[in-house]
$ cat model_23.tsv   # TSV, C-alpha atoms
chain	number	residue	atom	x	y	z
A	12	MET	CA	-7.60	5.28	-34.28
A	13	ASP	CA	-7.68	1.81	-32.73
A	14	ALA	CA	-7.46	-1.57	-34.42
A	15	ARG	CA	-7.78	-5.23	-33.51
A	16	ARG	CA	-6.82	-6.89	-36.80
A	17	ILE	CA	-4.33	-5.17	-39.11
A	18	ALA	CA	-3.22	-6.13	-42.61
A	19	LEU	CA	0.10	-4.75	-43.81
A	20	ILE	CA	0.17	-5.14	-47.60
A	21	LYS	CA	3.67	-5.13	-49.07
A	22	PRO	CA	4.00	-8.13	-51.39
A	23	SER	CA	7.40	-7.42	-52.95
A	24	ALA	CA	10.26	-7.06	-53.77
A	25	LEU	CA	13.09	-8.09	-51.45
A	26	GLY	CA	14.56	-4.61	-51.07
A	27	ASP	CA	11.12	-3.07	-50.53
A	28	VAL	CA	10.29	-5.69	-47.91
A	29	ALA	CA	13.51	-4.81	-46.09
A	30	HIS	CA	12.63	-1.11	-46.30
A	31	SER	CA	9.23	-1.84	-44.72
A	32	LEU	CA	10.54	-3.57	-41.59
A	33	PRO	CA	10.59	-0.39	-39.44
A	34	VAL	CA	6.90	0.16	-40.23
A	35	LEU	CA	6.03	-3.28	-38.92
A	36	THR	CA	7.83	-2.76	-35.62
A	37	ALA	CA	6.28	0.69	-35.21
A	38	LEU	CA	2.83	-0.79	-35.80
A	39	ARG	CA	3.44	-3.27	-33.00
A	40	VAL	CA	4.38	-0.40	-30.67
A	41	ARG	CA	1.33	1.62	-31.74
A	42	PHE	CA	-1.09	-1.35	-31.53
A	43	PRO	CA	0.41	-3.71	-28.94
A	44	ALA	CA	-2.67	-5.94	-28.62
A	45	ALA	CA	-3.64	-6.12	-32.29
A	46	GLY	CA	-3.20	-9.04	-34.61
A	47	ILE	CA	-0.90	-7.99	-37.45
A	48	THR	CA	-0.79	-9.94	-40.73
A	49	TRP	CA	1.72	-9.25	-43.49
A	50	VAL	CA	0.25	-9.86	-46.96
A	51	ILE	CA	3.32	-10.80	-48.98
A	52	ASN	CA	4.38	-12.70	-52.07
A	53	SER	CA	5.02	-16.35	-51.32
A	54	ALA	CA	8.60	-15.95	-52.60
A	55	TYR	CA	9.41	-13.52	-49.78
A	56	GLU	CA	7.17	-14.89	-47.03
A	57	PRO	CA	9.88	-17.13	-45.47
A	58	LEU	CA	11.95	-14.04	-44.67
A	59	VAL	CA	9.35	-12.51	-42.33
A	60	ARG	CA	7.43	-15.61	-41.25
A	61	ASN	CA	8.89	-15.70	-37.74
A	62	HIS	CA	9.08	-11.97	-37.13
A	63	PRO	CA	8.27	-11.32	-33.44
A	64	ASP	CA	6.09	-8.31	-34.28
A	65	LEU	CA	3.85	-10.32	-36.60
A	66	THR	CA	0.86	-12.42	-35.68
A	67	ASP	CA	0.98	-14.28	-38.98
A	68	THR	CA	1.51	-13.91	-42.72
A	69	LEU	CA	-0.78	-14.32	-45.70
A	70	ALA	CA	1.21	-15.49	-48.72
A	71	PHE	CA	0.15	-14.35	-52.17
A	72	ASP	CA	1.14	-16.58	-55.12
A	73	ARG	CA	1.83	-14.23	-58.01
A	74	GLY	CA	2.67	-17.19	-60.21
A	75	ALA	CA	-0.98	-18.26	-60.01
A	76	PHE	CA	-1.81	-15.54	-62.53
A	77	ARG	CA	0.26	-17.23	-65.21
A	78	ARG	CA	-1.85	-20.41	-65.28
A	79	GLY	CA	-4.54	-19.36	-67.70
A	80	LEU	CA	-7.61	-17.15	-67.40
A	81	TRP	CA	-9.93	-19.47	-65.47
A	82	LYS	CA	-7.33	-20.75	-63.03
A	83	SER	CA	-6.10	-17.21	-62.42
A	84	ALA	CA	-9.63	-15.95	-61.81
A	85	ALA	CA	-10.37	-18.85	-59.46
A	86	TYR	CA	-7.22	-18.17	-57.44
A	87	ALA	CA	-8.00	-14.45	-57.23
A	88	ALA	CA	-11.50	-15.23	-55.98
A	89	ARG	CA	-10.19	-17.60	-53.30
A	90	PHE	CA	-7.57	-15.12	-52.15
A	91	ALA	CA	-10.11	-12.29	-52.00
A	92	ALA	CA	-12.42	-14.51	-49.94
A	93	GLU	CA	-9.58	-15.23	-47.52
A	94	LEU	CA	-8.85	-11.52	-47.15
A	95	ARG	CA	-12.54	-10.90	-46.40
A	96	ARG	CA	-12.76	-13.83	-43.98
A	97	ARG	CA	-10.04	-12.41	-41.77
A	98	GLN	CA	-12.16	-9.35	-40.95
A	99	PHE	CA	-9.37	-6.78	-40.88
A	100	ASP	CA	-10.42	-3.44	-39.47
A	101	LEU	CA	-7.28	-1.56	-40.58
A	102	VAL	CA	-5.42	-2.14	-43.84
A	103	ILE	CA	-2.17	-0.42	-44.81
A	104	ASP	CA	-1.02	-0.61	-48.43
A	105	LEU	CA	2.68	0.25	-48.81
A	106	GLN	CA	2.89	-1.04	-52.40
A	107	GLY	CA	0.40	1.30	-54.04
A	108	LEU	CA	-0.40	-0.59	-57.25
A	109	ALA	CA	-3.64	-1.81	-58.82
A	110	ARG	CA	-3.17	-5.33	-57.47
A	111	THR	CA	-2.71	-4.19	-53.88
A	112	GLY	CA	-5.49	-1.65	-54.19
A	113	LEU	CA	-7.85	-4.48	-55.14
A	114	MET	CA	-6.59	-6.42	-52.13
A	115	CYS	CA	-7.53	-3.46	-49.95
A	116	LEU	CA	-11.06	-3.46	-51.34
A	117	ALA	CA	-11.36	-7.22	-50.97
A	118	THR	CA	-10.71	-7.03	-47.23
A	119	GLY	CA	-13.89	-5.02	-46.69
A	120	ALA	CA	-12.05	-3.07	-43.98
A	121	LYS	CA	-13.60	0.26	-43.05
A	122	ARG	CA	-10.17	1.91	-42.77
A	123	ARG	CA	-7.77	1.50	-45.67
A	124	ILE	CA	-4.62	3.60	-45.66
A	125	GLY	CA	-2.32	4.25	-48.61
A	126	PHE	CA	-0.37	6.97	-50.34
A	127	ALA	CA	-2.21	9.76	-52.12
A	128	ASN	CA	0.13	9.39	-55.10
A	129	ALA	CA	-0.28	5.60	-55.40
A	130	ARG	CA	-0.21	4.42	-58.99
A	131	GLU	CA	-2.55	2.48	-61.27
A	132	GLY	CA	-5.65	3.82	-59.56
A	133	ALA	CA	-4.81	2.24	-56.19
A	134	ARG	CA	-5.34	5.54	-54.38
A	135	HIS	CA	-9.06	5.36	-55.18
A	136	THR	CA	-9.38	2.25	-53.01
A	137	TYR	CA	-8.22	3.99	-49.81
A	138	THR	CA	-10.40	5.63	-47.19
A	139	HIS	CA	-7.43	7.55	-45.77
A	140	LYS	CA	-4.65	8.93	-48.00
A	141	VAL	CA	-1.20	9.91	-46.77
A	142	ARG	CA	0.27	12.78	-48.75
A	143	VAL	CA	4.04	12.80	-49.28
A	144	ARG	CA	4.78	15.98	-51.18
A	145	ASP	CA	8.53	15.42	-51.11
A	146	ALA	CA	8.35	11.77	-52.23
A	147	ASP	CA	10.86	12.41	-55.01
A	148	ARG	CA	13.41	13.73	-52.51
A	149	ILE	CA	13.29	11.31	-49.57
A	150	HIS	CA	14.37	7.73	-49.09
A	151	ALA	CA	11.87	4.90	-49.54
A	152	VAL	CA	12.22	4.03	-45.83
A	153	ASP	CA	11.31	7.59	-44.85
A	154	ARG	CA	8.43	7.62	-47.32
A	155	TYR	CA	6.94	4.46	-45.79
A	156	TRP	CA	7.52	6.01	-42.37
A	157	ARG	CA	5.04	8.79	-43.19
A	158	VAL	CA	2.30	6.20	-42.65
A	159	VAL	CA	3.64	5.58	-39.16
A	160	GLU	CA	3.63	9.32	-38.51
A	161	ALA	CA	0.05	9.59	-39.76
A	162	LEU	CA	-0.91	6.92	-37.20
A	163	GLY	CA	0.70	8.92	-34.40
A	164	ALA	CA	3.69	6.64	-33.82
A	165	GLY	CA	6.42	8.61	-35.58
A	166	ASP	CA	8.29	9.36	-32.37
A	167	VAL	CA	9.58	5.78	-32.02
A	168	PRO	CA	12.97	4.97	-33.59
A	169	LYS	CA	13.17	3.19	-36.92
A	170	ARG	CA	14.21	-0.37	-36.15
A	171	PHE	CA	15.19	-2.97	-38.73
A	172	HIS	CA	14.62	-6.41	-37.32
A	173	VAL	CA	15.34	-9.36	-39.60
A	174	PRO	CA	14.34	-12.64	-37.95
A	175	LEU	CA	17.16	-15.15	-38.29
A	176	ASP	CA	16.54	-18.89	-38.11
A	177	PRO	CA	18.92	-20.38	-35.50
A	178	ALA	CA	19.36	-23.52	-37.60
A	179	GLU	CA	20.33	-21.44	-40.63
A	180	VAL	CA	22.73	-19.35	-38.55
A	181	ALA	CA	24.42	-22.51	-37.28
A	182	ALA	CA	24.64	-23.96	-40.80
A	183	VAL	CA	26.16	-20.75	-42.17
A	184	ARG	CA	28.64	-20.56	-39.32
A	185	ALA	CA	29.82	-24.09	-40.11
A	186	GLU	CA	29.95	-23.40	-43.85
A	187	LEU	CA	32.06	-20.26	-43.49
A	188	ALA	CA	34.25	-21.36	-40.58
A	189	ASP	CA	37.27	-22.28	-42.72
A	190	LEU	CA	37.26	-19.13	-44.88
A	191	PRO	CA	39.74	-16.28	-44.32
A	192	ARG	CA	38.23	-13.13	-42.83
A	193	PRO	CA	37.03	-10.52	-43.56
A	194	LEU	CA	34.08	-12.03	-45.38
A	195	ILE	CA	32.88	-9.75	-48.19
A	196	ALA	CA	29.40	-10.57	-49.46
A	197	VAL	CA	29.20	-9.76	-53.18
A	198	ALA	CA	26.04	-9.35	-55.29
A	199	VAL	CA	26.90	-8.75	-58.95
A	200	GLY	CA	23.42	-9.19	-60.40
A	201	ALA	CA	20.38	-6.95	-60.81
A	202	LYS	CA	17.07	-7.24	-62.65
A	203	TRP	CA	17.59	-3.89	-64.33
A	204	LEU	CA	20.35	-3.93	-66.92
A	205	THR	CA	21.18	-0.35	-65.97
A	206	LYS	CA	21.96	-1.37	-62.38
A	207	ARG	CA	24.50	-4.00	-63.33
A	208	TRP	CA	27.99	-2.71	-62.61
A	209	PRO	CA	30.29	-4.63	-64.98
A	210	PRO	CA	31.71	-7.95	-63.71
A	211	ALA	CA	35.17	-6.70	-64.75
A	212	HIS	CA	34.76	-3.78	-62.32
A	213	PHE	CA	33.84	-6.16	-59.49
A	214	ALA	CA	36.83	-8.38	-60.27
A	215	SER	CA	39.24	-5.44	-60.39
A	216	LEU	CA	38.00	-3.99	-57.11
A	217	LEU	CA	37.96	-7.34	-55.32
A	218	ASN	CA	41.46	-8.26	-56.48
A	219	ARG	CA	42.78	-4.95	-55.18
A	220	THR	CA	40.85	-5.44	-51.95
A	221	GLN	CA	42.10	-8.95	-51.30
A	222	LEU	CA	45.67	-7.92	-52.04
A	223	ALA	CA	45.43	-5.21	-49.38
A	224	PHE	CA	43.14	-6.85	-46.82
A	225	GLY	CA	42.98	-10.57	-47.58
A	226	GLY	CA	39.64	-12.18	-46.81
A	227	THR	CA	37.06	-14.05	-48.86
A	228	ALA	CA	34.55	-12.89	-51.45
A	229	VAL	CA	31.21	-14.67	-50.87
A	230	PHE	CA	28.96	-14.40	-53.92
A	231	VAL	CA	25.19	-14.29	-53.44
A	232	GLY	CA	22.15	-13.62	-55.59
A	233	ALA	CA	19.40	-15.25	-57.62
A	234	SER	CA	19.96	-18.11	-60.03
A	235	ASP	CA	19.84	-15.63	-62.93
A	236	ASP	CA	22.99	-14.02	-61.50
A	237	THR	CA	25.04	-17.23	-61.54
A	238	ALA	CA	26.85	-16.60	-64.82
A	239	MET	CA	27.92	-13.11	-63.72
A	240	SER	CA	29.18	-14.41	-60.37
A	241	GLN	CA	31.16	-17.11	-62.16
A	242	GLN	CA	32.62	-14.52	-64.49
A	243	VAL	CA	33.96	-12.58	-61.52
A	244	THR	CA	35.23	-15.55	-59.53
A	245	ALA	CA	37.13	-16.81	-62.60
A	246	ASN	CA	39.16	-13.60	-62.51
A	247	LEU	CA	39.93	-13.49	-58.78
A	248	SER	CA	43.30	-14.39	-57.33
A	249	GLY	CA	42.06	-14.53	-53.72
A	250	ALA	CA	39.67	-16.78	-51.81
A	251	ALA	CA	36.07	-17.00	-52.99
A	252	ARG	CA	32.90	-18.94	-52.21
A	253	ASP	CA	30.03	-18.84	-54.70
A	254	VAL	CA	26.54	-19.69	-53.42
A	255	THR	CA	24.66	-17.67	-56.06
A	256	GLY	CA	21.23	-19.16	-56.69
A	257	ARG	CA	21.66	-21.79	-53.99
A	258	THR	CA	20.30	-20.08	-50.87
A	259	SER	CA	16.78	-19.79	-49.53
A	260	LEU	CA	15.86	-16.37	-48.15
A	261	PRO	CA	16.34	-17.50	-44.52
A	262	ARG	CA	19.77	-18.89	-45.48
A	263	LEU	CA	20.64	-15.70	-47.38
A	264	ALA	CA	19.74	-13.58	-44.36
A	265	ALA	CA	21.87	-15.74	-42.08
A	266	LEU	CA	24.76	-15.63	-44.54
A	267	LEU	CA	24.65	-11.87	-44.99
A	268	GLY	CA	24.45	-11.41	-41.24
A	269	ALA	CA	27.65	-13.44	-40.88
A	270	CYS	CA	29.59	-11.34	-43.39
A	271	ASP	CA	31.72	-8.35	-42.45
A	272	VAL	CA	31.06	-6.08	-45.46
A	273	MET	CA	28.62	-6.10	-48.36
A	274	LEU	CA	29.58	-5.06	-51.91
A	275	GLY	CA	26.70	-5.10	-54.36
A	276	ASN	CA	24.43	-3.37	-56.80
A	277	ASP	CA	21.22	-1.60	-55.79
A	278	THR	CA	19.24	-4.82	-55.33
A	279	GLY	CA	17.54	-6.91	-52.66
A	280	PRO	CA	20.63	-8.53	-51.07
A	281	LEU	CA	22.22	-5.10	-50.58
A	282	HIS	CA	19.17	-3.76	-48.73
A	283	LEU	CA	18.78	-6.94	-46.72
A	284	ALA	CA	22.41	-6.63	-45.64
A	285	ALA	CA	21.80	-3.00	-44.67
A	286	ALA	CA	18.76	-4.05	-42.61
A	287	LEU	CA	21.02	-6.54	-40.82
A	288	GLY	CA	23.45	-3.76	-39.96
A	289	VAL	CA	26.23	-4.95	-42.28
A	290	PRO	CA	28.40	-2.10	-43.67
A	291	CYS	CA	27.56	-1.71	-47.36
A	292	VAL	CA	29.41	-0.38	-50.40
A	293	ALA	CA	27.50	-0.04	-53.66
A	294	PRO	CA	27.80	1.51	-57.14
A	295	TYR	CA	24.80	3.66	-58.10
A	296	THR	CA	24.23	4.29	-61.77
A	297	CYS	CA	20.56	4.64	-62.76
A	298	THR	CA	19.19	5.06	-59.23
A	299	LYS	CA	19.89	7.62	-56.51
A	300	VAL	CA	21.46	7.02	-53.12
A	301	ALA	CA	19.20	9.63	-51.51
A	302	LEU	CA	16.12	7.67	-52.56
A	303	HIS	CA	17.27	4.05	-52.52
A	304	GLY	CA	20.66	3.88	-50.85
A	305	PRO	CA	21.53	1.21	-48.24
A	306	TYR	CA	19.66	2.95	-45.41
A	307	THR	CA	21.99	2.09	-42.53
A	308	SER	CA	25.10	2.68	-44.71
A	309	MET	CA	24.15	5.65	-46.85
A	310	ALA	CA	27.76	6.82	-47.07
A	311	GLY	CA	28.57	3.53	-48.79
A	312	GLY	CA	26.60	4.40	-51.91
A	313	VAL	CA	28.83	5.82	-54.66
A	314	GLU	CA	27.04	7.54	-57.54
A	315	THR	CA	28.00	8.09	-61.14
A	316	THR	CA	28.61	11.71	-62.11
A	317	VAL	CA	27.32	11.51	-65.70
A	318	PRO	CA	24.44	13.92	-66.45
A	319	CYS	CA	21.92	11.09	-66.93
A	320	GLY	CA	22.80	9.38	-63.65
A	321	GLY	CA	19.86	8.51	-61.44
A	322	SER	CA	17.47	8.48	-64.39
A	323	TYR	CA	15.65	5.32	-63.21
A	324	VAL	CA	15.54	3.88	-66.72
A	325	LYS	CA	15.68	0.08	-66.89
A	326	SER	CA	17.47	-0.20	-70.22
A	327	CYS	CA	19.87	2.06	-72.07
A	328	ASP	CA	21.82	1.83	-75.33
A	329	LYS	CA	24.60	4.15	-74.13
A	330	MET	CA	25.49	3.02	-70.58
A	331	VAL	CA	28.06	5.83	-70.26
A	332	CYS	CA	27.77	5.57	-66.48
A	333	MET	CA	29.55	2.21	-66.36
A	334	PRO	CA	32.99	3.30	-67.63
A	335	GLU	CA	32.70	6.52	-65.60
A	336	LEU	CA	31.97	4.77	-62.30
A	337	THR	CA	35.30	2.97	-62.08
A	338	PRO	CA	36.59	0.62	-59.36
A	339	ASP	CA	38.87	3.47	-58.27
A	340	ARG	CA	35.77	5.48	-57.35
A	341	LEU	CA	34.58	2.77	-54.92
A	342	TRP	CA	38.02	1.89	-53.57
A	343	PRO	CA	38.19	4.61	-50.82
A	344	THR	CA	34.73	3.71	-49.54
A	345	LEU	CA	35.46	-0.03	-49.42
A	346	THR	CA	38.85	0.64	-47.86
A	347	GLU	CA	37.24	2.67	-45.08
A	348	ALA	CA	34.72	-0.08	-44.36
A	349	LEU	CA	37.41	-2.75	-44.12
A	350	GLU	CA	39.80	-0.60	-42.10
A	351	THR	CA	36.96	-0.01	-39.65
A	352	TRP	CA	36.39	-3.76	-39.46
A	353	TYR	CA	40.05	-4.39	-38.67
A	354	ARG	CA	40.20	-1.50	-36.22
A	355	THR	CA	37.21	-2.70	-34.21
A	356	ARG	CA	38.87	-6.12	-33.89
A	357	ARG	CA	42.27	-4.60	-33.05
A	358	LEU	CA	43.82	-6.34	-36.02
A	359	SER	CA	45.92	-5.17	-38.93
A	360	PRO	CA	45.53	-6.23	-42.55
A	361	ALA	CA	48.79	-8.11	-42.21
A	362	GLY	CA	47.45	-10.29	-39.43
$ encode --input "model_23.tsv" --output "structure tokens"
Amino acid sequence: MDARRIALIKPSALGDVAHSLPVLTALRVRFPAAGITWVINSAYEPLVRNHPDLTDTLAFDRGAFRRGLWKSAAYAARFAAELRRRQFDLVIDLQGLARTGLMCLATGAKRRIGFANAREGARHTYTHKVRVRDADRIHAVDRYWRVVEALGAGDVPKRFHVPLDPAEVAAVRAELADLPRPLIAVAVGAKWLTKRWPPAHFASLLNRTQLAFGGTAVFVGASDDTAMSQQVTANLSGAARDVTGRTSLPRLAALLGACDVMLGNDTGPLHLAAALGVPCVAPYTCTKVALHGPYTSMAGGVETTVPCGGSYVKSCDKMVCMPELTPDRLWPTLTEALETWYRTRRLSPAG
């Protein structure tokens, strides 16, 4: 199979975009002369805009579909026309939902690749279907990689490349210069209620950590997470910097890349940090490490042991996993990450 113009469709979310980065780089190796366009939600487009393996991006405004029937229909028609105008000859849908299936059809491409088990009827829009019979047992990164294998490029290594804006890197370096190291990025929020490890657990673990290792807790996340971050910082005795809800995606990437360890729930910032190669420590309650752990730091995921753990439910009236997955359970994993940081710099926690 050859291609001149490729569309990679993966609109969202932040963690899924991070998981898809190895596919993009493998596509560039497999099709070195092709134009590659990432079709992505406008909210996440700034993160990949300057990726060296991309030719360009095509931003999709999901908010346009909340502007009334006629405006939504008009936007959909314009976007479909733009997809058609670009004359893609190979389209790869990693999202596998009705919306992205319709995008595949709108391109008019003769070759449209997606997963055989794609939901909401999306699989019926593909000309080539990739079967992943063990999808419920392998990590999302490895599941996306099956597309690369189907294209004959599976022998290249999985590479996570997050393009960092030099101006953002410089700004972050200046912003963090006066803070005690190690810098521990902390993400206390999550869209799913069942992913939200209690703020009291974060505060307890961070206080113990700063007593033993010093350093600064740097809080990140979306604006909806601000109250939870403030709840934790109000109960810390050590240094803290809270930028929750105040970073663009390029700034967030630069900030995470400057941190020494990441502590967070199973959400976008955790997976972005993992893609940047930052050691990660994370509590896992309703999701499974094997399927959605921080890919470059899988040992950093600590799971609950309650029978309903890893159920992938978004709400729960029992939440028995939260008191079971105590700060003590994460302490050895976080300790190991920080001791490794000190050891590689030939320092001791005392100085």
$ residues_near_point --input "model_23.tsv" --point "(8.7, -2.9, -40.6)" --cutoff "10 Å" --atoms "only C-alpha atoms" --output "PyMOL selection string"
chain A and resi 19+28-39+49+59+62+64-65+152+155-156+159+169-173
$ closest_residue --input "model_23.tsv" --among "A:Gly125, A:Pro290, A:Gly200, A:Pro174" --to "Arg262 in chain A" --atoms "all atoms listed in the file"
A:Pro174
$ closest_residue --input "model_23.tsv" --among "A:Val40, A:Lys82, A:Asp277, A:Arg257" --to "Asp166 in chain A" --atoms "only C-alpha atoms"
A:Val40
$ closest_residue --input "model_23.tsv" --among "A:Arg142, A:Leu113, A:Leu162, A:Ala264" --to "Ala286 in chain A" --atoms "only C-alpha atoms"
A:Ala264
$ closest_atom_pairs --input "model_23.tsv" --of "range 147-220 of chain A" --to "range 295-304 of chain A" --cutoff "7 Å" --atoms "all atoms listed in the file" --output "JSON lines"
{"residue": "A:Arg148", "atom": "CA", "partner": "A:Leu302", "partner_atom": "CA", "distance": 6.6}
{"residue": "A:Ile149", "atom": "CA", "partner": "A:Leu302", "partner_atom": "CA", "distance": 5.5}
{"residue": "A:His150", "atom": "CA", "partner": "A:Leu302", "partner_atom": "CA", "distance": 3.9}
{"residue": "A:Ala151", "atom": "CA", "partner": "A:Leu302", "partner_atom": "CA", "distance": 5.9}
{"residue": "A:Thr205", "atom": "CA", "partner": "A:Cys297", "partner_atom": "CA", "distance": 6.0}
{"residue": "A:Lys206", "atom": "CA", "partner": "A:Thr296", "partner_atom": "CA", "distance": 6.1}
$ closest_residue --input "model_23.tsv" --among "A:Ala54, A:Val158, A:Ala109, A:Ala293" --to "His212 in chain A" --atoms "only C-alpha atoms"
A:Ala293
$ residues_near_point --input "model_23.tsv" --point "(23.3, -6.6, -53.5)" --cutoff "8 Å" --atoms "all atoms listed in the file" --output "JSON, numbers by chain"
{"A": [197, 198, 199, 200, 201, 231, 232, 273, 274, 275, 276, 277, 278, 279, 280, 281, 282, 284, 293]}
$ closest_residue --input "model_23.tsv" --among "A:Ala75, A:Val102, A:Ala24, A:Ala178" --to "Glu56 in chain A" --atoms "all atoms listed in the file"
A:Ala24
$ residues_around --input "model_23.tsv" --residues "range 333-350 of chain A" --least-positions-apart "2" --cutoff "6 Å" --atoms "all atoms listed in the file" --output "list in words"
His212, Leu216, Thr315, Met330, Val331, Trp352, Tyr353 and Arg354 of chain A
$ atom_distance --input "model_23.tsv" --atom1 "CA of Asp147 in chain A" --atom2 "CA of Arg73 in chain A"
28.3 Å
$ build_atoms --input "model_23.tsv" --residues "range 101-108 of chain A" --atoms "all heavy atoms" --output "tab-separated table (two decimals), in the coordinates of the input"
chain	number	residue	atom	x	y	z
A	101	LEU	N	-8.23	-2.58	-40.11
A	101	LEU	CA	-7.28	-1.56	-40.58
A	101	LEU	C	-6.36	-2.23	-41.60
A	101	LEU	O	-5.75	-3.26	-41.32
A	101	LEU	CB	-6.47	-0.99	-39.42
A	101	LEU	CG	-5.33	-0.03	-39.79
A	101	LEU	CD1	-5.87	1.20	-40.52
A	101	LEU	CD2	-4.54	0.39	-38.55
A	102	VAL	N	-6.29	-1.62	-42.78
A	102	VAL	CA	-5.42	-2.14	-43.84
A	102	VAL	C	-4.47	-1.04	-44.28
A	102	VAL	O	-4.89	0.11	-44.49
A	102	VAL	CB	-6.25	-2.63	-45.05
A	102	VAL	CG1	-5.33	-3.05	-46.19
A	102	VAL	CG2	-7.16	-3.77	-44.64
A	103	ILE	N	-3.19	-1.38	-44.40
A	103	ILE	CA	-2.17	-0.42	-44.81
A	103	ILE	C	-1.50	-0.96	-46.07
A	103	ILE	O	-0.90	-2.04	-46.05
A	103	ILE	CB	-1.12	-0.22	-43.70
A	103	ILE	CG1	-1.80	0.34	-42.44
A	103	ILE	CG2	0.00	0.70	-44.17
A	103	ILE	CD1	-0.91	0.30	-41.21
A	104	ASP	N	-1.61	-0.21	-47.15
A	104	ASP	CA	-1.02	-0.61	-48.43
A	104	ASP	C	0.25	0.21	-48.67
A	104	ASP	O	0.19	1.39	-48.99
A	104	ASP	CB	-2.02	-0.38	-49.56
A	104	ASP	CG	-1.46	-0.77	-50.93
A	104	ASP	OD1	-0.39	-1.41	-50.97
A	104	ASP	OD2	-2.09	-0.41	-51.94
A	105	LEU	N	1.41	-0.43	-48.54
A	105	LEU	CA	2.68	0.25	-48.81
A	105	LEU	C	3.13	0.09	-50.25
A	105	LEU	O	4.09	0.73	-50.66
A	105	LEU	CB	3.77	-0.29	-47.87
A	105	LEU	CG	3.62	0.01	-46.38
A	105	LEU	CD1	4.82	-0.53	-45.62
A	105	LEU	CD2	3.44	1.50	-46.12
A	106	GLN	N	2.47	-0.78	-51.02
A	106	GLN	CA	2.89	-1.04	-52.40
A	106	GLN	C	2.32	0.00	-53.35
A	106	GLN	O	3.02	0.51	-54.20
A	106	GLN	CB	2.45	-2.44	-52.83
A	106	GLN	CG	3.14	-2.94	-54.08
A	106	GLN	CD	4.45	-3.64	-53.78
A	106	GLN	OE1	4.80	-3.83	-52.63
A	106	GLN	NE2	5.17	-4.00	-54.81
A	107	GLY	N	1.02	0.26	-53.24
A	107	GLY	CA	0.40	1.30	-54.04
A	107	GLY	C	0.27	1.01	-55.52
A	107	GLY	O	0.53	1.88	-56.35
A	108	LEU	N	-0.16	-0.21	-55.86
A	108	LEU	CA	-0.40	-0.59	-57.25
A	108	LEU	C	-1.82	-1.14	-57.38
A	108	LEU	O	-2.47	-1.41	-56.37
A	108	LEU	CB	0.61	-1.63	-57.71
A	108	LEU	CG	2.07	-1.17	-57.75
A	108	LEU	CD1	2.98	-2.34	-58.12
A	108	LEU	CD2	2.28	-0.02	-58.72
